[in-house]
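Enquirer: Structure file start-v3.tsv (TSV, N, CA and C atoms) right here:
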```
chain	number	residue	atom	x	y	z
A	789	MET	N	0.85	-1.18	0.00
A	789	MET	CA	0.00	0.00	0.00
A	789	MET	C	0.88	1.23	0.00
A	790	THR	N	0.54	2.17	-0.83
A	790	THR	CA	1.30	3.39	-0.92
A	790	THR	C	1.04	4.31	0.28
A	791	THR	N	2.07	5.00	0.71
A	791	THR	CA	1.88	5.97	1.79
A	791	THR	C	1.24	7.24	1.25
A	792	ASP	N	1.20	7.39	-0.07
A	792	ASP	CA	0.60	8.57	-0.68
A	792	ASP	C	-0.85	8.33	-1.11
A	793	ALA	N	-1.50	7.33	-0.55
A	793	ALA	CA	-2.87	7.00	-0.95
A	793	ALA	C	-3.81	8.20	-0.87
A	794	PRO	N	-3.81	8.96	0.22
A	794	PRO	CA	-4.72	10.12	0.25
A	794	PRO	C	-4.45	11.12	-0.88
A	795	ALA	N	-3.19	11.41	-1.12
A	795	ALA	CA	-2.84	12.36	-2.18
A	795	ALA	C	-3.22	11.82	-3.56
A	796	LEU	N	-3.01	10.53	-3.79
A	796	LEU	CA	-3.38	9.94	-5.08
A	796	LEU	C	-4.89	9.97	-5.28
A	797	LEU	N	-5.65	9.66	-4.25
A	797	LEU	CA	-7.10	9.70	-4.37
A	797	LEU	C	-7.58	11.12	-4.64
A	798	LEU	N	-7.03	12.09	-3.96
A	798	LEU	CA	-7.41	13.49	-4.21
A	798	LEU	C	-7.10	13.90	-5.65
A	799	ARG	N	-5.94	13.51	-6.16
A	799	ARG	CA	-5.58	13.83	-7.55
A	799	ARG	C	-6.53	13.17	-8.53
A	800	ALA	N	-6.90	11.91	-8.24
A	800	ALA	CA	-7.82	11.18	-9.13
A	800	ALA	C	-9.19	11.86	-9.15
A	801	LEU	N	-9.68	12.26	-7.99
A	801	LEU	CA	-10.99	12.91	-7.92
A	801	LEU	C	-10.97	14.26	-8.62
A	802	GLU	N	-9.95	15.04	-8.37
A	802	GLU	CA	-9.84	16.34	-9.03
A	802	GLU	C	-9.80	16.17	-10.55
A	803	ALA	N	-9.06	15.17	-11.02
A	803	ALA	CA	-8.98	14.92	-12.45
A	803	ALA	C	-10.32	14.48	-13.01
A	804	ALA	N	-11.02	13.64	-12.28
A	804	ALA	CA	-12.33	13.18	-12.75
A	804	ALA	C	-13.30	14.34	-12.87
A	805	PHE	N	-13.32	15.24	-11.89
A	805	PHE	CA	-14.26	16.35	-11.91
A	805	PHE	C	-13.89	17.41	-12.93
A	806	SER	N	-12.61	17.57	-13.18
A	806	SER	CA	-12.19	18.61	-14.13
A	806	SER	C	-12.04	18.07	-15.55
A	807	GLY	N	-12.07	16.74	-15.72
A	807	GLY	CA	-11.87	16.15	-17.04
A	807	GLY	C	-10.41	16.06	-17.44
A	808	ASP	N	-9.51	16.22	-16.49
A	808	ASP	CA	-8.07	16.18	-16.76
A	808	ASP	C	-7.61	14.73	-16.91
A	809	HIS	N	-7.34	14.34	-18.14
A	809	HIS	CA	-6.92	12.96	-18.38
A	809	HIS	C	-5.40	12.83	-18.47
A	810	THR	N	-4.65	13.90	-18.20
A	810	THR	CA	-3.20	13.85	-18.33
A	810	THR	C	-2.52	13.08	-17.19
A	811	ILE	N	-3.21	12.85	-16.08
A	811	ILE	CA	-2.59	12.19	-14.93
A	811	ILE	C	-2.93	10.70	-14.85
A	812	ILE	N	-3.69	10.20	-15.79
A	812	ILE	CA	-4.21	8.84	-15.68
A	812	ILE	C	-3.09	7.80	-15.56
A	813	GLU	N	-2.08	7.88	-16.38
A	813	GLU	CA	-1.00	6.89	-16.33
A	813	GLU	C	-0.25	6.94	-15.00
A	814	GLU	N	-0.10	8.12	-14.46
A	814	GLU	CA	0.64	8.30	-13.21
A	814	GLU	C	-0.15	7.80	-11.99
A	815	VAL	N	-1.48	7.91	-12.02
A	815	VAL	CA	-2.30	7.64	-10.85
A	815	VAL	C	-2.96	6.26	-10.86
A	816	PHE	N	-3.29	5.74	-12.05
A	816	PHE	CA	-4.05	4.49	-12.16
A	816	PHE	C	-3.23	3.35	-12.74
A	817	THR	N	-3.52	2.13	-12.30
A	817	THR	CA	-2.87	0.95	-12.89
A	817	THR	C	-3.39	0.75	-14.31
A	818	GLU	N	-2.64	0.00	-15.11
A	818	GLU	CA	-3.04	-0.27	-16.50
A	818	GLU	C	-4.41	-0.93	-16.57
A	819	ASP	N	-4.70	-1.82	-15.61
A	819	ASP	CA	-5.96	-2.58	-15.62
A	819	ASP	C	-7.01	-2.02	-14.67
A	820	VAL	N	-6.96	-0.73	-14.40
A	820	VAL	CA	-7.90	-0.09	-13.48
A	820	VAL	C	-9.35	-0.38	-13.87
A	821	VAL	N	-10.18	-0.55	-12.86
A	821	VAL	CA	-11.62	-0.71	-13.05
A	821	VAL	C	-12.28	0.46	-12.33
A	822	ALA	N	-13.09	1.22	-13.06
A	822	ALA	CA	-13.72	2.40	-12.48
A	822	ALA	C	-15.22	2.37	-12.76
A	823	TRP	N	-15.98	2.84	-11.77
A	823	TRP	CA	-17.44	2.83	-11.90
A	823	TRP	C	-18.02	4.04	-11.19
A	824	SER	N	-19.08	4.57	-11.75
A	824	SER	CA	-19.93	5.56	-11.09
A	824	SER	C	-21.33	5.36	-11.67
A	825	PRO	N	-22.34	6.03	-11.13
A	825	PRO	CA	-23.69	5.84	-11.66
A	825	PRO	C	-23.83	6.16	-13.15
A	826	ASN	N	-22.94	6.99	-13.69
A	826	ASN	CA	-23.06	7.37	-15.10
A	826	ASN	C	-21.84	7.00	-15.94
A	827	MET	N	-20.99	6.08	-15.45
A	827	MET	CA	-19.79	5.73	-16.19
A	827	MET	C	-19.24	4.40	-15.72
A	828	SER	N	-18.64	3.67	-16.65
A	828	SER	CA	-17.96	2.42	-16.33
A	828	SER	C	-16.76	2.30	-17.26
A	829	ALA	N	-15.61	1.93	-16.70
A	829	ALA	CA	-14.41	1.80	-17.53
A	829	ALA	C	-13.54	0.67	-17.00
A	830	VAL	N	-12.95	-0.06	-17.93
A	830	VAL	CA	-11.98	-1.10	-17.60
A	830	VAL	C	-10.71	-0.77	-18.37
A	831	GLY	N	-9.65	-0.46	-17.64
A	831	GLY	CA	-8.38	-0.10	-18.26
A	831	GLY	C	-8.22	1.40	-18.40
A	832	ARG	N	-6.96	1.82	-18.49
A	832	ARG	CA	-6.64	3.25	-18.58
A	832	ARG	C	-7.22	3.91	-19.82
A	833	ALA	N	-7.19	3.20	-20.95
A	833	ALA	CA	-7.68	3.80	-22.20
A	833	ALA	C	-9.16	4.15	-22.08
A	834	GLU	N	-9.97	3.24	-21.55
A	834	GLU	CA	-11.39	3.52	-21.38
A	834	GLU	C	-11.62	4.65	-20.37
A	835	LEU	N	-10.84	4.64	-19.30
A	835	LEU	CA	-10.98	5.69	-18.29
A	835	LEU	C	-10.62	7.05	-18.87
A	836	GLU	N	-9.57	7.10	-19.66
A	836	GLU	CA	-9.18	8.35	-20.30
A	836	GLU	C	-10.30	8.85	-21.22
A	837	ALA	N	-10.90	7.95	-21.98
A	837	ALA	CA	-12.01	8.34	-22.86
A	837	ALA	C	-13.19	8.87	-22.05
A	838	GLU	N	-13.48	8.24	-20.92
A	838	GLU	CA	-14.57	8.71	-20.06
A	838	GLU	C	-14.28	10.09	-19.49
A	839	PHE	N	-13.05	10.31	-19.03
A	839	PHE	CA	-12.68	11.61	-18.49
A	839	PHE	C	-12.79	12.70	-19.57
A	840	ALA	N	-12.40	12.36	-20.79
A	840	ALA	CA	-12.38	13.35	-21.88
A	840	ALA	C	-13.76	13.61	-22.46
A	841	GLU	N	-14.70	12.68	-22.26
A	841	GLU	CA	-16.02	12.78	-22.91
A	841	GLU	C	-16.74	14.08	-22.61
A	842	ASN	N	-16.73	14.51	-21.39
A	842	ASN	CA	-17.45	15.73	-21.00
A	842	ASN	C	-16.51	16.80	-20.45
A	843	ASP	N	-15.26	16.80	-20.89
A	843	ASP	CA	-14.30	17.71	-20.28
A	843	ASP	C	-14.58	19.18	-20.54
A	844	ASP	N	-15.45	19.52	-21.50
A	844	ASP	CA	-15.80	20.91	-21.75
A	844	ASP	C	-17.16	21.28	-21.18
A	845	ALA	N	-17.81	20.35	-20.49
A	845	ALA	CA	-19.17	20.59	-20.01
A	845	ALA	C	-19.22	21.50	-18.79
A	846	LEU	N	-18.22	21.43	-17.95
A	846	LEU	CA	-18.23	22.18	-16.69
A	846	LEU	C	-17.04	23.12	-16.60
A	847	SER	N	-17.27	24.27	-15.98
A	847	SER	CA	-16.17	25.20	-15.72
A	847	SER	C	-16.32	25.72	-14.29
A	848	ASN	N	-15.30	26.42	-13.85
A	848	ASN	CA	-15.29	26.95	-12.48
A	848	ASN	C	-15.56	25.84	-11.46
A	849	VAL	N	-14.93	24.71	-11.66
A	849	VAL	CA	-15.12	23.55	-10.79
A	849	VAL	C	-14.45	23.81	-9.45
A	850	GLU	N	-15.23	23.65	-8.38
A	850	GLU	CA	-14.70	23.75	-7.02
A	850	GLU	C	-14.98	22.44	-6.32
A	851	PHE	N	-13.94	21.89	-5.73
A	851	PHE	CA	-13.99	20.55	-5.17
A	851	PHE	C	-13.49	20.59	-3.74
A	852	SER	N	-14.21	19.94	-2.83
A	852	SER	CA	-13.74	19.86	-1.45
A	852	SER	C	-13.99	18.46	-0.91
A	853	VAL	N	-13.16	18.08	0.04
A	853	VAL	CA	-13.28	16.77	0.68
A	853	VAL	C	-13.67	16.99	2.13
A	854	ASP	N	-14.75	16.35	2.54
A	854	ASP	CA	-15.23	16.47	3.91
A	854	ASP	C	-14.57	15.45	4.83
A	855	ALA	N	-14.23	14.28	4.30
A	855	ALA	CA	-13.59	13.23	5.10
A	855	ALA	C	-12.78	12.34	4.18
A	856	LEU	N	-11.63	11.88	4.67
A	856	LEU	CA	-10.79	10.97	3.91
A	856	LEU	C	-10.13	10.02	4.90
A	857	ASP	N	-10.24	8.73	4.63
A	857	ASP	CA	-9.68	7.74	5.54
A	857	ASP	C	-9.05	6.62	4.73
A	858	VAL	N	-7.98	6.05	5.26
A	858	VAL	CA	-7.30	4.93	4.62
A	858	VAL	C	-7.33	3.75	5.57
A	859	THR	N	-7.75	2.59	5.03
A	859	THR	CA	-7.78	1.35	5.80
A	859	THR	C	-7.21	0.26	4.92
A	860	GLY	N	-6.09	-0.29	5.32
A	860	GLY	CA	-5.46	-1.33	4.52
A	860	GLY	C	-5.11	-0.80	3.14
A	861	SER	N	-5.57	-1.49	2.10
A	861	SER	CA	-5.26	-1.07	0.73
A	861	SER	C	-6.40	-0.28	0.10
A	862	LYS	N	-7.27	0.30	0.93
A	862	LYS	CA	-8.39	1.09	0.43
A	862	LYS	C	-8.39	2.48	1.06
A	863	ALA	N	-8.88	3.43	0.29
A	863	ALA	CA	-9.08	4.79	0.79
A	863	ALA	C	-10.52	5.19	0.50
A	864	PHE	N	-11.11	5.95	1.40
A	864	PHE	CA	-12.50	6.37	1.30
A	864	PHE	C	-12.55	7.89	1.43
A	865	ALA	N	-13.30	8.52	0.55
A	865	ALA	CA	-13.43	9.98	0.61
A	865	ALA	C	-14.90	10.38	0.46
A	866	GLU	N	-15.33	11.34	1.28
A	866	GLU	CA	-16.62	11.99	1.11
A	866	GLU	C	-16.31	13.37	0.56
A	867	TRP	N	-16.99	13.76	-0.51
A	867	TRP	CA	-16.64	14.98	-1.21
A	867	TRP	C	-17.87	15.77	-1.64
A	868	ARG	N	-17.60	17.04	-2.01
A	868	ARG	CA	-18.60	17.92	-2.60
A	868	ARG	C	-17.96	18.66	-3.76
A	869	VAL	N	-18.74	18.89	-4.80
A	869	VAL	CA	-18.25	19.63	-5.95
A	869	VAL	C	-19.34	20.57	-6.45
A	870	THR	N	-18.93	21.76	-6.87
A	870	THR	CA	-19.83	22.69	-7.55
A	870	THR	C	-19.15	23.11	-8.85
A	871	ALA	N	-19.96	23.44	-9.85
A	871	ALA	CA	-19.40	23.84	-11.14
A	871	ALA	C	-20.48	24.55	-11.94
A	872	ASP	N	-20.04	25.31	-12.94
A	872	ASP	CA	-20.96	25.96	-13.87
A	872	ASP	C	-21.12	25.07	-15.09
A	873	HIS	N	-22.34	24.88	-15.53
A	873	HIS	CA	-22.63	24.06	-16.71
A	873	HIS	C	-22.54	24.96	-17.94
A	874	THR	N	-21.35	24.98	-18.57
A	874	THR	CA	-21.08	25.92	-19.66
A	874	THR	C	-20.84	25.25	-21.00
A	875	GLY	N	-20.93	23.93	-21.07
A	875	GLY	CA	-20.75	23.22	-22.33
A	875	GLY	C	-21.72	22.06	-22.41
A	876	PRO	N	-21.86	21.46	-23.59
A	876	PRO	CA	-22.77	20.32	-23.75
A	876	PRO	C	-22.37	19.17	-22.82
A	877	LEU	N	-23.36	18.54	-22.21
A	877	LEU	CA	-23.12	17.44	-21.28
A	877	LEU	C	-23.85	16.21	-21.79
A	878	LEU	N	-23.10	15.15	-22.09
A	878	LEU	CA	-23.69	13.89	-22.52
A	878	LEU	C	-23.94	13.02	-21.31
A	879	VAL	N	-25.20	12.66	-21.08
A	879	VAL	CA	-25.59	11.81	-19.96
A	879	VAL	C	-25.96	10.45	-20.53
A	880	GLY	N	-25.21	9.43	-20.12
A	880	GLY	CA	-25.42	8.12	-20.73
A	880	GLY	C	-25.00	8.18	-22.19
A	881	ASP	N	-25.67	7.41	-23.02
A	881	ASP	CA	-25.33	7.40	-24.45
A	881	ASP	C	-26.30	8.21	-25.30
A	882	ASP	N	-27.40	8.69	-24.71
A	882	ASP	CA	-28.42	9.26	-25.57
A	882	ASP	C	-29.03	10.58	-25.12
A	883	LEU	N	-28.60	11.15	-24.01
A	883	LEU	CA	-29.16	12.42	-23.56
A	883	LEU	C	-28.08	13.50	-23.56
A	884	LEU	N	-28.24	14.46	-24.48
A	884	LEU	CA	-27.31	15.58	-24.56
A	884	LEU	C	-28.00	16.81	-23.99
A	885	ILE	N	-27.41	17.38	-22.96
A	885	ILE	CA	-27.97	18.58	-22.33
A	885	ILE	C	-27.11	19.77	-22.74
A	886	GLU	N	-27.72	20.68	-23.46
A	886	GLU	CA	-27.01	21.87	-23.90
A	886	GLU	C	-26.68	22.74	-22.68
A	887	PRO	N	-25.69	23.63	-22.79
A	887	PRO	CA	-25.29	24.46	-21.65
A	887	PRO	C	-26.45	25.27	-21.07
A	888	THR	N	-26.57	25.24	-19.77
A	888	THR	CA	-27.62	26.00	-19.08
A	888	THR	C	-27.07	27.24	-18.39
A	889	GLY	N	-25.76	27.24	-18.13
A	889	GLY	CA	-25.15	28.34	-17.39
A	889	GLY	C	-25.37	28.23	-15.89
A	890	ARG	N	-26.11	27.21	-15.47
A	890	ARG	CA	-26.42	27.05	-14.04
A	890	ARG	C	-25.20	26.56	-13.26
A	891	ASN	N	-25.16	27.01	-12.01
A	891	ASN	CA	-24.19	26.47	-11.07
A	891	ASN	C	-24.85	25.25	-10.42
A	892	ILE	N	-24.19	24.11	-10.50
A	892	ILE	CA	-24.75	22.88	-9.96
A	892	ILE	C	-23.85	22.35	-8.85
A	893	GLY	N	-24.43	21.57	-7.96
A	893	GLY	CA	-23.69	20.99	-6.86
A	893	GLY	C	-23.99	19.52	-6.72
A	894	LEU	N	-23.03	18.79	-6.21
A	894	LEU	CA	-23.18	17.36	-6.03
A	894	LEU	C	-22.32	16.92	-4.85
A	895	ALA	N	-22.84	15.99	-4.08
A	895	ALA	CA	-22.08	15.39	-2.98
A	895	ALA	C	-22.02	13.89	-3.21
A	896	GLY	N	-20.94	13.27	-2.77
A	896	GLY	CA	-20.82	11.83	-2.96
A	896	GLY	C	-19.69	11.24	-2.14
A	897	ALA	N	-19.42	9.99	-2.43
A	897	ALA	CA	-18.35	9.26	-1.75
A	897	ALA	C	-17.61	8.40	-2.76
A	898	THR	N	-16.34	8.19	-2.52
A	898	THR	CA	-15.50	7.38	-3.41
A	898	THR	C	-14.72	6.38	-2.60
A	899	VAL	N	-14.63	5.17	-3.13
A	899	VAL	CA	-13.79	4.11	-2.58
A	899	VAL	C	-12.72	3.81	-3.61
A	900	ALA	N	-11.47	3.83	-3.21
A	900	ALA	CA	-10.37	3.51	-4.10
A	900	ALA	C	-9.56	2.36	-3.52
A	901	GLU	N	-9.18	1.43	-4.38
A	901	GLU	CA	-8.31	0.33	-3.99
A	901	GLU	C	-6.96	0.54	-4.65
A	902	PHE	N	-5.88	0.23	-3.92
A	902	PHE	CA	-4.53	0.51	-4.38
A	902	PHE	C	-3.73	-0.77	-4.60
A	903	ARG	N	-2.86	-0.71	-5.61
A	903	ARG	CA	-1.90	-1.77	-5.89
A	903	ARG	C	-0.68	-1.13	-6.55
A	904	ASP	N	0.49	-1.45	-6.07
A	904	ASP	CA	1.74	-0.94	-6.65
A	904	ASP	C	1.76	0.59	-6.76
A	905	ASP	N	1.39	1.25	-5.68
A	905	ASP	CA	1.44	2.72	-5.61
A	905	ASP	C	0.53	3.43	-6.61
A	906	ARG	N	-0.51	2.73	-7.07
A	906	ARG	CA	-1.49	3.34	-7.97
A	906	ARG	C	-2.88	2.83	-7.61
A	907	ILE	N	-3.88	3.51	-8.13
A	907	ILE	CA	-5.27	3.10	-7.92
A	907	ILE	C	-5.62	2.01	-8.92
A	908	SER	N	-6.06	0.87	-8.41
A	908	SER	CA	-6.44	-0.25	-9.28
A	908	SER	C	-7.95	-0.36	-9.46
A	909	ALA	N	-8.71	0.24	-8.57
A	909	ALA	CA	-10.17	0.26	-8.69
A	909	ALA	C	-10.69	1.51	-8.00
A	910	MET	N	-11.73	2.10	-8.60
A	910	MET	CA	-12.33	3.29	-8.02
A	910	MET	C	-13.83	3.24	-8.26
A	911	ARG	N	-14.59	3.41	-7.18
A	911	ARG	CA	-16.05	3.42	-7.26
A	911	ARG	C	-16.55	4.73	-6.66
A	912	ASN	N	-17.37	5.43	-7.43
A	912	ASN	CA	-17.94	6.70	-7.01
A	912	ASN	C	-19.42	6.52	-6.78
A	913	TYR	N	-19.90	7.00	-5.65
A	913	TYR	CA	-21.31	6.89	-5.31
A	913	TYR	C	-21.89	8.28	-5.15
A	914	PHE	N	-22.94	8.58	-5.93
A	914	PHE	CA	-23.65	9.85	-5.83
A	914	PHE	C	-25.00	9.69	-6.51
A	915	ASP	N	-25.86	10.65	-6.29
A	915	ASP	CA	-27.20	10.63	-6.85
A	915	ASP	C	-27.18	11.35	-8.20
A	916	ASP	N	-27.08	10.59	-9.30
A	916	ASP	CA	-27.00	11.24	-10.61
A	916	ASP	C	-28.31	11.93	-10.99
A	917	ALA	N	-29.42	11.52	-10.39
A	917	ALA	CA	-30.69	12.22	-10.64
A	917	ALA	C	-30.64	13.65	-10.12
A	918	ALA	N	-29.84	13.88	-9.09
A	918	ALA	CA	-29.69	15.24	-8.55
A	918	ALA	C	-29.09	16.18	-9.59
A	919	ILE	N	-28.18	15.68	-10.40
A	919	ILE	CA	-27.58	16.49	-11.46
A	919	ILE	C	-28.65	16.85	-12.49
A	920	LEU	N	-29.40	15.85	-12.92
A	920	LEU	CA	-30.44	16.09	-13.91
A	920	LEU	C	-31.50	17.05	-13.40
A	921	GLU	N	-31.89	16.92	-12.15
A	921	GLU	CA	-32.88	17.83	-11.58
A	921	GLU	C	-32.39	19.28	-11.63
A	922	GLN	N	-31.11	19.49	-11.37
A	922	GLN	CA	-30.57	20.85	-11.38
A	922	GLN	C	-30.46	21.41	-12.80
A	923	LEU	N	-30.18	20.54	-13.77
A	923	LEU	CA	-29.98	21.00	-15.14
A	923	LEU	C	-31.28	21.10	-15.94
A	924	LEU	N	-32.27	20.30	-15.55
A	924	LEU	CA	-33.50	20.24	-16.34
A	924	LEU	C	-34.69	20.87	-15.62
A	925	LEU	N	-34.44	21.83	-14.75
A	925	LEU	CA	-35.50	22.47	-13.97
A	925	LEU	C	-36.64	23.01	-14.83
A	926	ASP	N	-36.33	23.61	-15.96
A	926	ASP	CA	-37.33	24.29	-16.77
A	926	ASP	C	-37.82	23.44	-17.96
A	927	VAL	N	-37.34	22.23	-18.08
A	927	VAL	CA	-37.70	21.40	-19.23
A	927	VAL	C	-39.00	20.69	-19.01
```
Output the structure of this file as structure tokens.

Expert:
Amino acid sequence: MTTDAPALLLRALEAAFSGDHTIIEEVFTEDVVAWSPNMSAVGRAELEAEFAENDDALSNVEFSVDALDVTGSKAFAEWRVTADHTGPLLVGDDLLIEPTGRNIGLAGATVAEFRDDRISAMRNYFDDAAILEQLLLDV
């Protein structure tokens, strides 16, 4: 288990929220498995594609961690993020939400598993319906 697990998890979360796929090789194992309510990826290439898919959808991203704990080869984080919806956002494979300009917020939790000083699995838990409710208020 890496002694930098908290820092690696924070970098992974920041990259996921900002769409920064430049750190993927440094932070994740080649065979990483990642899941969230609106995404699933096996391997770095798929994860990079997922990170890049909506990288222009949000701006002014602000991210904070309320709690972070490491137990054995796992790290757990509770987090909050706010951002402005300033670009097209693809939800699933068939719902494209054009920019609303709204500031949206989301809270969730992440579990990361580590192997060889990198994240080998990451699971994000949050209410994806909360995002849609904020973006589709007037629809």

Enquirer: Atom N of A:Val869 and atom N of A:Glu814, how far apart in Å?

Expert: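 Rounded to one decimal, the two atoms are 23.6 Å apart.
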
Enquirer: When you draw a straight line from atom N of A:Asp857 to atom N of A:Arg832, how long is it in Å?

Expert: 24.4 Å

Enquirer: When you draw a straight line from atom C of A:Phe816 to atom CA of A:Val858, how long is it in Å?

Expert: 17.9 Å

Enquirer: Looking only at helix (DSSP H, G or I) from DSSP on the backbone, list the matching residues of stretch 811-905 of chain A as a ChimeraX atom specification.

Expert: /A:812-815,832-841

Enquirer: Leaving out A:Leu894 and any residue of its chain fewer than 5 positions from it, which residues lie within 9 Å of it when counting only C-alpha atoms, given as a PyMOL selection string?

Expert: chain A and resi 867-870+914-916+918-919

Enquirer: Write out as a PyMOL selection string all residues of chain A that backbone DSSP assigns to strand (DSSP E or B).

Expert: chain A and resi 816-824+827-830+846-859+862-873+877-879+883-885+891-903+906-914

Enquirer: Extract, using only C-alpha atoms, all DNA, RNA and protein residues at most 6 Å from stretch 842-856 of chain A, discarding same-chain residues fewer than 4 positions from it, and format them as JSON, numbers by chain.

Expert: {"A": [807, 864, 865, 866, 867, 868, 869, 870, 871, 872, 873, 874, 875, 876, 877]}
